[in-house]
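K.L.:
Quick one, run.cif (mmCIF, C-alpha atoms and all ligand atoms):
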```
data_entry
#
loop_
_atom_site.group_PDB
_atom_site.id
_atom_site.type_symbol
_atom_site.label_atom_id
_atom_site.label_comp_id
_atom_site.auth_asym_id
_atom_site.auth_seq_id
_atom_site.Cartn_x
_atom_site.Cartn_y
_atom_site.Cartn_z
ATOM 1 C CA MET A 44 -2.467 -25.490 -5.618
ATOM 2 C CA THR A 45 -2.134 -23.994 -9.097
ATOM 3 C CA GLY A 46 -2.784 -20.437 -10.101
ATOM 4 C CA ILE A 47 -1.386 -17.424 -11.919
ATOM 5 C CA MET A 48 1.106 -16.736 -9.095
ATOM 6 C CA GLN A 49 2.322 -20.334 -8.866
ATOM 7 C CA GLY A 50 6.112 -20.403 -8.421
ATOM 8 C CA LYS A 51 6.288 -16.702 -7.494
ATOM 9 C CA ARG A 52 7.607 -15.441 -4.170
ATOM 10 C CA GLY A 53 6.907 -12.035 -2.707
ATOM 11 C CA LEU A 54 7.360 -9.778 0.287
ATOM 12 C CA ILE A 55 4.327 -8.147 1.887
ATOM 13 C CA MET A 56 5.024 -5.078 4.034
ATOM 14 C CA GLY A 57 2.164 -3.421 5.913
ATOM 15 C CA VAL A 58 -0.168 -6.023 7.385
ATOM 16 C CA ALA A 59 -1.310 -4.755 10.805
ATOM 17 C CA ASN A 60 -4.448 -6.907 11.152
ATOM 18 C CA ASN A 61 -7.145 -8.628 9.100
ATOM 19 C CA HIS A 62 -8.590 -5.245 8.049
ATOM 20 C CA SER A 63 -5.341 -4.123 6.415
ATOM 21 C CA ILE A 64 -5.295 -3.546 2.666
ATOM 22 C CA ALA A 65 -2.068 -5.597 2.596
ATOM 23 C CA TRP A 66 -4.038 -8.523 4.026
ATOM 24 C CA GLY A 67 -6.624 -8.297 1.223
ATOM 25 C CA ILE A 68 -3.723 -8.358 -1.236
ATOM 26 C CA SER A 69 -2.069 -11.303 0.558
ATOM 27 C CA LYS A 70 -5.232 -13.417 0.402
ATOM 28 C CA ALA A 71 -5.657 -12.790 -3.336
ATOM 29 C CA LEU A 72 -2.001 -13.649 -4.044
ATOM 30 C CA ALA A 73 -1.977 -16.782 -1.867
ATOM 31 C CA ALA A 74 -5.198 -18.035 -3.475
ATOM 32 C CA GLN A 75 -3.341 -17.967 -6.797
ATOM 33 C CA GLY A 76 -0.367 -19.945 -5.479
ATOM 34 C CA ALA A 77 2.090 -17.204 -4.413
ATOM 35 C CA GLU A 78 4.528 -17.911 -1.606
ATOM 36 C CA LEU A 79 4.630 -14.964 0.810
ATOM 37 C CA ALA A 80 6.968 -13.416 3.370
ATOM 38 C CA PHE A 81 5.606 -10.785 5.758
ATOM 39 C CA THR A 82 7.029 -7.955 7.812
ATOM 40 C CA TYR A 83 5.457 -6.415 10.892
ATOM 41 C CA GLN A 84 6.161 -3.248 12.835
ATOM 42 C CA GLY A 85 6.742 -3.986 16.523
ATOM 43 C CA ASP A 86 5.955 -6.988 18.737
ATOM 44 C CA ALA A 87 2.305 -6.067 19.338
ATOM 45 C CA LEU A 88 1.544 -6.237 15.608
ATOM 46 C CA GLY A 89 3.772 -9.315 15.263
ATOM 47 C CA LYS A 90 1.280 -11.206 17.449
ATOM 48 C CA ARG A 91 -1.443 -10.419 14.930
ATOM 49 C CA VAL A 92 0.584 -10.892 11.768
ATOM 50 C CA LYS A 93 2.080 -14.328 12.572
ATOM 51 C CA PRO A 94 -1.284 -16.168 12.756
ATOM 52 C CA LEU A 95 -2.463 -14.367 9.594
ATOM 53 C CA ALA A 96 0.709 -15.442 7.776
ATOM 54 C CA ALA A 97 0.053 -19.011 8.943
ATOM 55 C CA GLU A 98 -3.462 -18.823 7.427
ATOM 56 C CA VAL A 99 -1.861 -18.378 3.998
ATOM 57 C CA GLY A 100 0.785 -21.027 4.645
ATOM 58 C CA SER A 101 3.686 -18.746 5.572
ATOM 59 C CA ASP A 102 6.116 -19.037 8.488
ATOM 60 C CA PHE A 103 8.404 -16.382 6.994
ATOM 61 C CA VAL A 104 7.582 -13.377 9.175
ATOM 62 C CA LEU A 105 10.115 -10.676 10.010
ATOM 63 C CA PRO A 106 10.134 -7.523 12.143
ATOM 64 C CA CYS A 107 10.787 -4.340 10.167
ATOM 65 C CA ASP A 108 10.404 -0.683 11.035
ATOM 66 C CA VAL A 109 11.165 1.407 7.945
ATOM 67 C CA GLU A 110 12.321 4.317 10.102
ATOM 68 C CA ASP A 111 15.285 2.118 10.961
ATOM 69 C CA ILE A 112 17.082 1.414 7.687
ATOM 70 C CA ALA A 113 19.119 -1.363 9.336
ATOM 71 C CA SER A 114 15.897 -3.337 9.845
ATOM 72 C CA VAL A 115 15.057 -2.968 6.138
ATOM 73 C CA ASP A 116 18.546 -4.269 5.297
ATOM 74 C CA THR A 117 18.083 -7.215 7.673
ATOM 75 C CA THR A 118 14.735 -8.034 6.045
ATOM 76 C CA VAL A 119 16.145 -8.007 2.529
ATOM 77 C CA ASP A 120 19.184 -10.043 3.644
ATOM 78 C CA ALA A 121 16.845 -12.652 5.167
ATOM 79 C CA ILE A 122 14.911 -12.891 1.877
ATOM 80 C CA LYS A 123 18.167 -13.279 -0.043
ATOM 81 C CA GLU A 124 19.374 -15.989 2.300
ATOM 82 C CA ARG A 125 16.161 -18.033 2.289
ATOM 83 C CA TRP A 126 14.880 -17.503 -1.245
ATOM 84 C CA GLY A 127 17.847 -16.105 -3.211
ATOM 85 C CA ALA A 128 15.448 -14.142 -5.432
ATOM 86 C CA LEU A 129 12.187 -12.204 -5.216
ATOM 87 C CA ASP A 130 9.335 -11.864 -7.731
ATOM 88 C CA PHE A 131 7.317 -9.071 -6.125
ATOM 89 C CA VAL A 132 7.088 -6.662 -3.220
ATOM 90 C CA VAL A 133 4.038 -4.908 -1.769
ATOM 91 C CA HIS A 134 4.589 -1.660 0.165
ATOM 92 C CA ALA A 135 1.398 -0.819 2.085
ATOM 93 C CA ILE A 136 2.925 1.465 4.689
ATOM 94 C CA GLY A 137 1.830 4.909 5.754
ATOM 95 C CA PHE A 138 2.084 7.031 8.852
ATOM 96 C CA SER A 139 1.573 10.600 10.024
ATOM 97 C CA ASP A 140 0.910 12.097 13.457
ATOM 98 C CA LYS A 141 -2.872 11.986 13.787
ATOM 99 C CA ASN A 142 -2.854 15.403 15.447
ATOM 100 C CA GLU A 143 -1.897 16.755 12.041
ATOM 101 C CA LEU A 144 -4.541 14.777 10.133
ATOM 102 C CA LYS A 145 -7.075 17.435 11.058
ATOM 103 C CA GLY A 146 -7.270 21.196 10.840
ATOM 104 C CA LEU A 147 -5.092 23.179 8.478
ATOM 105 C CA TYR A 148 -2.401 21.641 6.279
ATOM 106 C CA ALA A 149 -0.445 24.851 6.852
ATOM 107 C CA ASP A 150 -0.021 23.889 10.524
ATOM 108 C CA THR A 151 2.047 20.797 9.657
ATOM 109 C CA THR A 152 5.267 20.787 11.666
ATOM 110 C CA ARG A 153 8.700 20.327 10.125
ATOM 111 C CA GLU A 154 9.253 17.260 12.299
ATOM 112 C CA ASN A 155 6.038 15.501 11.281
ATOM 113 C CA PHE A 156 6.425 16.546 7.636
ATOM 114 C CA SER A 157 9.838 14.832 7.517
ATOM 115 C CA ARG A 158 8.672 11.750 9.409
ATOM 116 C CA THR A 159 5.575 11.357 7.227
ATOM 117 C CA MET A 160 7.676 11.670 4.074
ATOM 118 C CA VAL A 161 10.279 9.145 5.241
ATOM 119 C CA ILE A 162 7.776 6.487 6.351
ATOM 120 C CA SER A 163 5.044 6.977 3.759
ATOM 121 C CA CYS A 164 7.118 7.896 0.712
ATOM 122 C CA PHE A 165 10.889 7.474 0.870
ATOM 123 C CA SER A 166 10.675 3.995 2.413
ATOM 124 C CA PHE A 167 9.251 2.749 -0.909
ATOM 125 C CA THR A 168 12.332 4.029 -2.747
ATOM 126 C CA GLU A 169 14.664 2.500 -0.164
ATOM 127 C CA ILE A 170 12.856 -0.841 -0.348
ATOM 128 C CA ALA A 171 12.776 -0.779 -4.171
ATOM 129 C CA LYS A 172 16.510 -0.107 -4.307
ATOM 130 C CA ARG A 173 17.210 -3.096 -2.068
ATOM 131 C CA CYS A 174 14.707 -5.501 -3.665
ATOM 132 C CA ALA A 175 15.472 -4.735 -7.331
ATOM 133 C CA PRO A 176 18.787 -6.638 -7.322
ATOM 134 C CA LEU A 177 16.881 -9.759 -6.179
ATOM 135 C CA MET A 178 14.377 -9.466 -9.036
ATOM 136 C CA ASN A 179 14.594 -10.907 -12.507
ATOM 137 C CA GLU A 180 12.687 -9.999 -15.676
ATOM 138 C CA GLY A 181 8.986 -10.003 -14.697
ATOM 139 C CA GLY A 182 9.571 -8.616 -11.184
ATOM 140 C CA SER A 183 6.854 -6.328 -9.886
ATOM 141 C CA MET A 184 6.631 -3.704 -7.135
ATOM 142 C CA LEU A 185 3.445 -2.155 -5.808
ATOM 143 C CA THR A 186 2.614 0.638 -3.382
ATOM 144 C CA LEU A 187 -0.663 2.096 -2.098
ATOM 145 C CA THR A 188 -1.727 5.680 -2.590
ATOM 146 C CA TYR A 189 -4.847 7.848 -2.265
ATOM 147 C CA ASN A 190 -6.629 10.513 -4.289
ATOM 148 C CA GLY A 191 -5.600 13.114 -1.654
ATOM 149 C CA SER A 192 -2.351 13.293 -3.653
ATOM 150 C CA THR A 193 -3.882 15.398 -6.417
ATOM 151 C CA ARG A 194 -7.084 16.691 -4.795
ATOM 152 C CA VAL A 195 -7.742 18.382 -1.507
ATOM 153 C CA ILE A 196 -9.436 15.897 0.829
ATOM 154 C CA PRO A 197 -10.385 17.406 4.206
ATOM 155 C CA ASN A 198 -7.882 16.511 6.960
ATOM 156 C CA TYR A 199 -5.658 14.378 4.698
ATOM 157 C CA ASN A 200 -3.168 17.266 4.781
ATOM 158 C CA VAL A 201 0.500 16.219 4.892
ATOM 159 C CA MET A 202 -0.394 12.647 3.864
ATOM 160 C CA GLY A 203 -1.662 14.091 0.569
ATOM 161 C CA VAL A 204 1.688 15.768 0.005
ATOM 162 C CA ALA A 205 3.514 12.519 0.841
ATOM 163 C CA LYS A 206 1.260 10.543 -1.527
ATOM 164 C CA ALA A 207 1.972 13.042 -4.345
ATOM 165 C CA ALA A 208 5.696 12.418 -3.820
ATOM 166 C CA LEU A 209 5.071 8.667 -3.596
ATOM 167 C CA GLU A 210 3.252 8.705 -6.949
ATOM 168 C CA ALA A 211 6.124 10.645 -8.527
ATOM 169 C CA SER A 212 8.505 8.038 -7.047
ATOM 170 C CA VAL A 213 6.498 5.286 -8.761
ATOM 171 C CA ARG A 214 7.133 6.917 -12.125
ATOM 172 C CA TYR A 215 10.849 7.499 -11.519
ATOM 173 C CA LEU A 216 11.356 3.975 -10.147
ATOM 174 C CA ALA A 217 9.445 2.536 -13.125
ATOM 175 C CA ALA A 218 11.910 4.335 -15.415
ATOM 176 C CA ASP A 219 14.903 3.192 -13.315
ATOM 177 C CA TYR A 220 14.001 -0.497 -13.284
ATOM 178 C CA GLY A 221 12.068 -0.833 -16.556
ATOM 179 C CA PRO A 222 15.194 -1.717 -18.577
ATOM 180 C CA LYS A 223 15.718 -4.659 -16.204
ATOM 181 C CA GLY A 224 12.149 -5.881 -16.851
ATOM 182 C CA VAL A 225 10.921 -4.905 -13.378
ATOM 183 C CA ARG A 226 7.592 -3.045 -13.162
ATOM 184 C CA VAL A 227 6.573 -0.463 -10.546
ATOM 185 C CA ASN A 228 2.943 0.574 -10.008
ATOM 186 C CA ALA A 229 0.579 1.993 -7.407
ATOM 187 C CA ILE A 230 -3.043 1.370 -6.539
ATOM 188 C CA SER A 231 -4.977 4.442 -5.508
ATOM 189 C CA ALA A 232 -7.560 2.883 -3.211
ATOM 190 C CA GLY A 233 -10.809 4.504 -2.178
ATOM 191 C CA PRO A 234 -11.311 5.024 1.572
ATOM 192 C CA ILE A 235 -11.503 1.824 3.635
ATOM 193 C CA ARG A 236 -11.945 1.390 7.386
ATOM 194 C CA THR A 237 -8.472 0.348 8.603
ATOM 195 C CA LEU A 238 -6.178 1.245 11.487
ATOM 196 C CA ALA A 239 -4.364 3.873 9.396
ATOM 197 C CA GLY A 240 -7.648 5.110 7.879
ATOM 198 C CA ALA A 241 -9.089 5.670 11.371
ATOM 199 C CA GLY A 242 -6.269 8.130 12.132
ATOM 200 C CA ILE A 243 -7.751 10.645 9.709
ATOM 201 C CA SER A 244 -10.218 12.985 11.342
ATOM 202 C CA ASP A 245 -13.832 12.656 10.101
ATOM 203 C CA ALA A 246 -12.926 9.429 8.251
ATOM 204 C CA ARG A 247 -16.543 8.268 8.587
ATOM 205 C CA ALA A 248 -17.879 11.334 6.769
ATOM 206 C CA ILE A 249 -15.382 10.785 3.943
ATOM 207 C CA LEU A 250 -16.389 7.114 3.647
ATOM 208 C CA SER A 251 -20.059 8.000 3.549
ATOM 209 C CA TRP A 252 -19.477 10.761 0.930
ATOM 210 C CA ASN A 253 -17.623 8.278 -1.285
ATOM 211 C CA GLN A 254 -20.312 5.659 -0.826
ATOM 212 C CA ARG A 255 -23.098 8.068 -1.807
ATOM 213 C CA ASN A 256 -21.312 9.799 -4.666
ATOM 214 C CA SER A 257 -19.094 7.247 -6.406
ATOM 215 C CA PRO A 258 -20.431 5.899 -9.724
ATOM 216 C CA LEU A 259 -20.777 2.423 -8.178
ATOM 217 C CA ARG A 260 -22.508 3.924 -5.077
ATOM 218 C CA LYS A 261 -20.299 1.958 -2.705
ATOM 219 C CA THR A 262 -16.915 1.997 -1.069
ATOM 220 C CA VAL A 263 -14.338 -0.612 -2.016
ATOM 221 C CA THR A 264 -13.232 -3.627 0.041
ATOM 222 C CA ILE A 265 -9.754 -4.952 0.801
ATOM 223 C CA ASP A 266 -10.623 -7.981 -1.338
ATOM 224 C CA GLN A 267 -11.387 -5.774 -4.350
ATOM 225 C CA VAL A 268 -8.085 -3.946 -3.889
ATOM 226 C CA GLY A 269 -6.450 -7.373 -3.457
ATOM 227 C CA ASN A 270 -7.743 -8.639 -6.793
ATOM 228 C CA SER A 271 -6.520 -5.523 -8.619
ATOM 229 C CA ALA A 272 -3.140 -5.909 -6.897
ATOM 230 C CA LEU A 273 -3.052 -9.526 -8.057
ATOM 231 C CA TYR A 274 -3.397 -8.323 -11.653
ATOM 232 C CA LEU A 275 -0.649 -5.692 -11.287
ATOM 233 C CA LEU A 276 1.726 -8.124 -9.550
ATOM 234 C CA SER A 277 1.112 -10.958 -12.011
ATOM 235 C CA ASP A 278 2.266 -11.453 -15.594
ATOM 236 C CA LEU A 279 -1.238 -10.382 -16.709
ATOM 237 C CA ALA A 280 0.058 -6.809 -16.301
ATOM 238 C CA ALA A 281 3.391 -7.495 -18.047
ATOM 239 C CA GLY A 282 2.925 -4.361 -20.181
ATOM 240 C CA VAL A 283 1.949 -2.047 -17.316
ATOM 241 C CA THR A 284 4.432 0.103 -15.385
ATOM 242 C CA GLY A 285 4.556 3.576 -13.832
ATOM 243 C CA GLU A 286 0.781 3.435 -13.468
ATOM 244 C CA ILE A 287 -1.436 4.869 -10.707
ATOM 245 C CA HIS A 288 -4.445 2.558 -10.922
ATOM 246 C CA PHE A 289 -7.628 3.725 -9.178
ATOM 247 C CA VAL A 290 -9.616 1.116 -7.246
ATOM 248 C CA ASP A 291 -12.168 3.487 -5.745
ATOM 249 C CA ALA A 292 -15.584 2.577 -7.198
ATOM 250 C CA GLY A 293 -14.924 5.367 -9.731
ATOM 251 C CA PHE A 294 -15.036 8.213 -7.218
ATOM 252 C CA ASN A 295 -12.040 9.996 -8.780
ATOM 253 C CA ILE A 296 -13.905 10.732 -12.034
ATOM 254 C CA THR A 297 -16.709 12.650 -10.355
ATOM 255 C CA SER A 298 -16.840 16.429 -10.303
ATOM 256 C CA MET A 299 -19.829 17.103 -8.038
ATOM 257 C CA PRO A 300 -22.247 15.284 -5.694
ATOM 258 C CA THR A 301 -24.838 13.124 -7.441
ATOM 259 C CA LEU A 302 -28.146 14.793 -8.232
ATOM 260 C CA GLU A 303 -29.872 12.360 -5.801
ATOM 261 C CA ALA A 304 -27.535 13.567 -3.042
ATOM 262 C CA LEU A 305 -28.157 17.230 -3.916
ATOM 263 C CA ARG A 306 -31.945 16.766 -3.941
ATOM 264 C CA ARG A 307 -31.946 14.891 -0.616
HETATM 265 P P1 LIG A 401 -3.108 -0.343 8.112
HETATM 266 O O1 LIG A 401 -3.047 0.451 9.377
HETATM 267 O O2 LIG A 401 -3.735 -1.655 8.166
HETATM 268 O O3 LIG A 401 -1.645 -0.460 7.463
HETATM 269 C C1 LIG A 401 -0.676 0.540 7.591
HETATM 270 C C2 LIG A 401 0.613 -0.210 7.850
HETATM 271 O O4 LIG A 401 1.717 0.703 7.885
HETATM 272 C C3 LIG A 401 0.605 -0.939 9.202
HETATM 273 O O5 LIG A 401 0.864 -2.318 8.994
HETATM 274 C C4 LIG A 401 1.732 -0.293 9.962
HETATM 275 O O6 LIG A 401 2.418 -1.188 10.823
HETATM 276 C C5 LIG A 401 2.624 0.140 8.810
HETATM 277 N N1 LIG A 401 3.624 1.135 9.239
HETATM 278 C C6 LIG A 401 3.418 2.396 9.704
HETATM 279 N N2 LIG A 401 4.611 2.930 10.069
HETATM 280 C C7 LIG A 401 5.560 1.990 9.800
HETATM 281 C C8 LIG A 401 6.956 1.922 9.980
HETATM 282 N N3 LIG A 401 7.654 2.943 10.527
HETATM 283 N N4 LIG A 401 7.619 0.789 9.611
HETATM 284 C C9 LIG A 401 6.955 -0.268 9.089
HETATM 285 N N5 LIG A 401 5.616 -0.282 8.912
HETATM 286 C C10 LIG A 401 4.938 0.847 9.277
HETATM 287 O O7 LIG A 401 -3.877 0.615 7.084
HETATM 288 P P2 LIG A 401 -4.129 0.514 5.507
HETATM 289 O O8 LIG A 401 -5.251 1.435 5.255
HETATM 290 O O9 LIG A 401 -4.223 -0.899 5.085
HETATM 291 O O10 LIG A 401 -2.817 1.206 4.904
HETATM 292 C C11 LIG A 401 -1.992 0.593 3.932
HETATM 293 C C12 LIG A 401 -1.618 1.629 2.871
HETATM 294 O O11 LIG A 401 -2.774 1.931 2.113
HETATM 295 C C13 LIG A 401 -1.082 2.955 3.413
HETATM 296 O O12 LIG A 401 -0.040 3.405 2.580
HETATM 297 C C14 LIG A 401 -2.293 3.856 3.276
HETATM 298 O O13 LIG A 401 -1.929 5.226 3.171
HETATM 299 C C15 LIG A 401 -2.857 3.340 1.974
HETATM 300 N N6 LIG A 401 -4.258 3.702 1.694
HETATM 301 C C16 LIG A 401 -5.219 3.515 2.617
HETATM 302 C C17 LIG A 401 -6.524 3.876 2.334
HETATM 303 C C18 LIG A 401 -7.631 3.700 3.358
HETATM 304 O O14 LIG A 401 -8.656 4.358 3.238
HETATM 305 N N7 LIG A 401 -7.482 2.846 4.327
HETATM 306 C C19 LIG A 401 -6.843 4.430 1.082
HETATM 307 C C20 LIG A 401 -5.831 4.590 0.135
HETATM 308 C C21 LIG A 401 -4.528 4.234 0.454
#
```
Translate this file's structure into structure tokens.
Ligand code: NAD
P.N.:
Amino acid sequence: MTGIMQGKRGLIMGVANNHSIAWGISKALAAQGAELAFTYQGDALGKRVKPLAAEVGSDFVLPCDVEDIASVDTTVDAIKERWGALDFVVHAIGFSDKNELKGLYADTTRENFSRTMVISCFSFTEIAKRCAPLMNEGGSMLTLTYNGSTRVIPNYNVMGVAKAALEASVRYLAADYGPKGVRVNAISAGPIRTLAGAGISDARAILSWNQRNSPLRKTVTIDQVGNSALYLLSDLAAGVTGEIHFVDAGFNITSMPTLEALRR
């Protein structure tokens, strides 16, 4: 198979099932010739991820829980041993206690604040630090964020704060690794029905609001996010780093409900 990712090898972190954004990204990359390694969190998800990896021709599937830094080290060591080098990494990992993805942000506990920040934000920095030495000029790193980082989205709460820090990390990491020719970007995806998305209270109402009020009058799919990720991870985006790229049917540019919605 030939394609724009031919000869490139990358690590995909965050596939839980075939609805995951990371799976949409994996399909787009594999269709363009990329060779992929996958991580999964826990045996139950491993049973889902292994057959998906096989669908895109990969038998390189490793357990990794980012709360346990030793498992991140083991993952990166395994990549080094098998491939020696890495062209790209996708971080599509987020978690917060769903009891705090409703109600007031002010009620966030110290324990869940710290855990959310470590898993959803700091893990990207830890992974970047470990993967950068395996990358040459042209390397690319990508994480996933959401508009709740800069705007108040009902119930997104502490995840919004973590995504704000994640977006700042993208800029600092882009500055750190830019001189080495390695790019660091994020996609800010519109709401999509996924396992993580379902943890946010009233997720359906948010999806429907986006669908009715975005300029394109729809919500985005994992395949659309996948194609934008393909661009950012490929040499087509060789001049792009430190960028938060919206793939949200344009919702982020709106300032009020559409007039149709108001008149309804
Ligand atoms: P998903 O549930 O399919 O993926 C989330 C992944 O995070 C899972 O694979 C899960 O195993 C992994 N994860 C959680 N804790 C982990 C840990 N301790 N160690 C390792 N992995 C861990 O949901 P998704 O919506 O595809 O989420 C992927 C990313 O996209 C997340 O960062 C999410 O915040 C972001 N995002 C999602 C949406 C949406 O509406 N679904 C919108 C914008 C951004």
K.L.:
Report as a ChimeraX atom specification the full result of the PyMOL selection byres (((chain A and resi 167) around 9) and not hetatm) when it is applied to this structure.
P.N.:
/A:134,136,161-166,168-172,186,209,212-213
K.L.:
Expressed in Å to a single decimal, how great is the separation between CA of Pro300 in chain A and CA of Thr237 in chain A?
P.N.:
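Distance reported for this atom pair: 24.8 Å.
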K.L.:
Report as a PyMOL selection string the residues that result from applying the PyMOL selection byres (((not hetatm)) within 8 of (chain A and resi 401)) to the structure here.
P.N.:
chain A and resi 56-66+82-85+88+107-111+134-138+162-163+186-190+202+206+230-241
K.L.:
Could the residues in this selection be saved with C-alpha atoms as a short mmCIF file (atom, residue, chain, number, x, y, z; two decimals), in the coordinates of the input?
P.N.:
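Saved result, out_0.cif, follows:
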```
data_model
loop_
_atom_site.label_atom_id
_atom_site.label_comp_id
_atom_site.auth_asym_id
_atom_site.auth_seq_id
_atom_site.Cartn_x
_atom_site.Cartn_y
_atom_site.Cartn_z
CA MET A 56 5.02 -5.08 4.03
CA GLY A 57 2.16 -3.42 5.91
CA VAL A 58 -0.17 -6.02 7.38
CA ALA A 59 -1.31 -4.76 10.80
CA ASN A 60 -4.45 -6.91 11.15
CA ASN A 61 -7.14 -8.63 9.10
CA HIS A 62 -8.59 -5.24 8.05
CA SER A 63 -5.34 -4.12 6.42
CA ILE A 64 -5.30 -3.55 2.67
CA ALA A 65 -2.07 -5.60 2.60
CA TRP A 66 -4.04 -8.52 4.03
CA THR A 82 7.03 -7.96 7.81
CA TYR A 83 5.46 -6.42 10.89
CA GLN A 84 6.16 -3.25 12.84
CA GLY A 85 6.74 -3.99 16.52
CA LEU A 88 1.54 -6.24 15.61
CA CYS A 107 10.79 -4.34 10.17
CA ASP A 108 10.40 -0.68 11.04
CA VAL A 109 11.16 1.41 7.94
CA GLU A 110 12.32 4.32 10.10
CA ASP A 111 15.28 2.12 10.96
CA HIS A 134 4.59 -1.66 0.16
CA ALA A 135 1.40 -0.82 2.08
CA ILE A 136 2.92 1.46 4.69
CA GLY A 137 1.83 4.91 5.75
CA PHE A 138 2.08 7.03 8.85
CA ILE A 162 7.78 6.49 6.35
CA SER A 163 5.04 6.98 3.76
CA THR A 186 2.61 0.64 -3.38
CA LEU A 187 -0.66 2.10 -2.10
CA THR A 188 -1.73 5.68 -2.59
CA TYR A 189 -4.85 7.85 -2.26
CA ASN A 190 -6.63 10.51 -4.29
CA MET A 202 -0.39 12.65 3.86
CA LYS A 206 1.26 10.54 -1.53
CA ILE A 230 -3.04 1.37 -6.54
CA SER A 231 -4.98 4.44 -5.51
CA ALA A 232 -7.56 2.88 -3.21
CA GLY A 233 -10.81 4.50 -2.18
CA PRO A 234 -11.31 5.02 1.57
CA ILE A 235 -11.50 1.82 3.64
CA ARG A 236 -11.94 1.39 7.39
CA THR A 237 -8.47 0.35 8.60
CA LEU A 238 -6.18 1.25 11.49
CA ALA A 239 -4.36 3.87 9.40
CA GLY A 240 -7.65 5.11 7.88
CA ALA A 241 -9.09 5.67 11.37
#
```
K.L.:
For CA of Ala71 in chain A and CA of Asn270 in chain A, quote the distance in Å rounded to one decimal.
P.N.:
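According to the coordinates, CA of Ala71 in chain A and CA of Asn270 in chain A are separated by 5.8 Å.
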K.L.:
Put the listed atoms of range 80-95 of chain A in a box along x, y and z with 8 Å added on every side and give me the centre and edge lengths in Å to one decimal, as lines of an AutoDock Vina configuration file.
P.N.:
```
center_x = 2.3
center_y = -9.7
center_z = 11.4
size_x = 25.5
size_y = 28.9
size_z = 32.0
```
K.L.:
Fewer than 2 positions away in the same chain doesn't count, so skip those; otherwise give me all residues within 8 Å of Leu273 in chain A, counting all atoms listed in the file, as a list in words.
P.N.:
Ile68, Ala71, Leu72, Gly269, Asn270, Ser271, Leu275, Leu276 and Ser277 of chain A
K.L.:
From the list A:Arg255, A:Asn142, A:Val225, A:Ile122, which residue is nearest Asn179 in chain A when using all atoms listed in the file?
P.N.:
A:Val225
K.L.:
Would you mind telling me which residue in A:Asn228, A:Asp130, A:Thr193, A:Ala113 lies nearest to Gln49 in chain A when using only C-alpha atoms?
P.N.:
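Closest residue, counting only C-alpha atoms: A:Asp130.
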K.L.:
With C-alpha atoms as the atom set, please write range 208-228 of chain A from the structure just given, as a short mmCIF file (atom, residue, chain, number, x, y, z; two decimals), in the first residue's frame.
P.N.:
```
data_model
loop_
_atom_site.label_atom_id
_atom_site.label_comp_id
_atom_site.auth_asym_id
_atom_site.auth_seq_id
_atom_site.Cartn_x
_atom_site.Cartn_y
_atom_site.Cartn_z
CA ALA A 208 -3.58 23.19 30.92
CA LEU A 209 -3.23 20.58 28.17
CA GLU A 210 -3.47 23.28 25.49
CA ALA A 211 -0.83 25.36 27.28
CA SER A 212 1.34 22.21 27.41
CA VAL A 213 1.01 21.86 23.63
CA ARG A 214 2.49 25.32 23.18
CA TYR A 215 5.35 24.78 25.65
CA LEU A 216 6.17 21.34 24.22
CA ALA A 217 6.08 22.78 20.68
CA ALA A 218 8.69 25.33 21.79
CA ASP A 219 10.76 22.64 23.56
CA TYR A 220 10.93 20.25 20.62
CA GLY A 221 10.65 22.65 17.67
CA PRO A 222 14.44 23.11 17.39
CA LYS A 223 14.71 19.33 16.92
CA GLY A 224 12.17 19.45 14.06
CA VAL A 225 9.43 17.75 16.10
CA ARG A 226 5.94 19.29 15.95
CA VAL A 227 3.31 19.27 18.71
CA ASN A 228 -0.36 20.06 18.04
#
```
